[in-house]
Structures are given as structure tokens and as C-alpha cells.
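Worksheet for the structure shown next.
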Amino acid sequence: MNPVRSRYTGAPVRRSLADEFFGSFGRLFEDMAPVSSGPAGMDFYETEDSLVLELAVPGVAADGIDVNIEGRELTIRAELPEGEEEGRRYWVRSLPRGAFSRTVRLPAGIDGESIEARVQAGLLVLTIPKAPEARSRRIEISEA
């Protein structure tokens, strides 16, 4: 099962011919993939004490981002700003724009009450602490 769902309602994203050709091949491994790609780039990784989610939100201030957790589902909603349209004739238009949401199913063993969020230089960073019982620890062995 893919733990990440994306919903993007902005301008259409242009796909290359290679993406069209090889796109269905990637779906073979969808259940094994830890994340899916969407309009905004995302990294989701683990450290010794926490899970860290980094999501590109270019041009969006902290008050324009909504982060909610319900059970083990973390949902992020934002609206990427629309570009100026008047007087422009685009040659290439691939920057994501408009409203989107991303839902990530978190693993068991996290401390959902202590999630920290910050946005800096167009990057939303969520630090999700592991519950104490889920953290790796060294067990000392004594001689009998």
C-alpha cells in the first residue's frame, strides 16, 4: 500500500513522452513505494529519534499551509500561488500552481502530540518524534 496520496487541482502538469511510455511500469511497484510524487517535491525520512517530512511549498507562507493529523493520517493542504497571466505567452509552464493536498499514513509508534512544523525558504519541514518505546536503544549484556 502506498502511504502517500496527492490531490492537485492546479494547472495541468506536462509529462514527457518517456513519462507516458514508462509511467505504467512504475505502477507495478506502487505498493512497495514509500512515497509518491506529486505537484510539490517531498522527502520523507527517518532519523534515530524522529521521522522528518520535507515538502516544497514555494511562495507559500506559514499561514497559508494547513497541517492536520487524524489517527495515523497526516494531511497537508496548501495553495501554490498562481503566476501573473497578463501579457505572458508561456513557452514552457511546468511550475505547479493552485490548491493541493498530500496525505501520509504514519507508522505506529510516533508521538503525534509533539509534531513540530516550520517553513523556511519555500520548504515545509515537519519533525515527527518517535514514541519512546519505538526508539532504537542499545541493550547492555551482563556476564552471568
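Residue numbering restarts at 1 for every chain of the C-alpha cells, chains are lettered A, B, ... in their displayed order, and ligands are numbered from 1 as they appear.
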Shell of 7 Å around Asp111 of chain A, only C-alpha atoms, local chain residues under 4 positions omitted, as a PDB file with N, CA and C atoms, in the first residue's frame:
ATOM      1  N   ILE A 128       8.496  14.676  13.270  1.00  0.00           N
ATOM      2  CA  ILE A 128       7.524  13.826  13.950  1.00  0.00           C
ATOM      3  C   ILE A 128       8.303  12.896  14.887  1.00  0.00           C
ATOM      4  N   PRO A 129       8.310  13.204  16.196  1.00  0.00           N
ATOM      5  CA  PRO A 129       9.104  12.384  17.115  1.00  0.00           C
ATOM      6  C   PRO A 129       8.575  10.953  17.216  1.00  0.00           C
ATOM      7  N   LYS A 130       9.491  10.038  17.392  1.00  0.00           N
ATOM      8  CA  LYS A 130       9.107   8.652  17.667  1.00  0.00           C
ATOM      9  C   LYS A 130       8.709   8.561  19.126  1.00  0.00           C
ATOM     10  N   ALA A 131       7.752   7.721  19.419  1.00  0.00           N
ATOM     11  CA  ALA A 131       7.391   7.458  20.813  1.00  0.00           C
ATOM     12  C   ALA A 131       8.597   6.791  21.483  1.00  0.00           C
TER      13      ALA A 131
END
Neighbour list for segment 113-124 of chain A as an MDAnalysis selection string, cut-off 9 Å, only C-alpha atoms, skip fewer than 5 positions in-chain:
chainID A and resid 53:62 65 67 129
Compile the contact shell of Val52 of chain A as a compact mmCIF listing (two decimals) with C-alpha atoms, in the first residue's frame: residues with an atom at most 6 Å away, counting only C-alpha atoms, same-chain residues fewer than 2 positions apart removed.
# COMPACT_ATOMS: atom_id res chain seq x y z
CA PHE A 44 10.16 11.62 3.96
CA TYR A 45 12.93 10.02 6.00
CA LEU A 126 7.66 18.52 9.83
CA THR A 127 9.56 16.73 12.58
Interatomic distance between atom CA of Ser101 of chain A and atom CA of Ile76 of chain A?
5.4 Å
In Å to one decimal, how far is atom CA of Asp49 of chain A from atom CA of Leu74 of chain A?
18.4 Å
One decimal place gives the atom CA of Glu84 of chain A-atom CA of Ala99 of chain A separation as 16.3 Å
Selected residue of minimal separation from Glu70 of chain A among A:Arg88, A:Arg138, A:Arg97, A:Arg105, counting only C-alpha atoms:
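Of A:Arg88, A:Arg138, A:Arg97, A:Arg105, the one nearest Glu70 of chain A, counting only C-alpha atoms, is A:Arg105.
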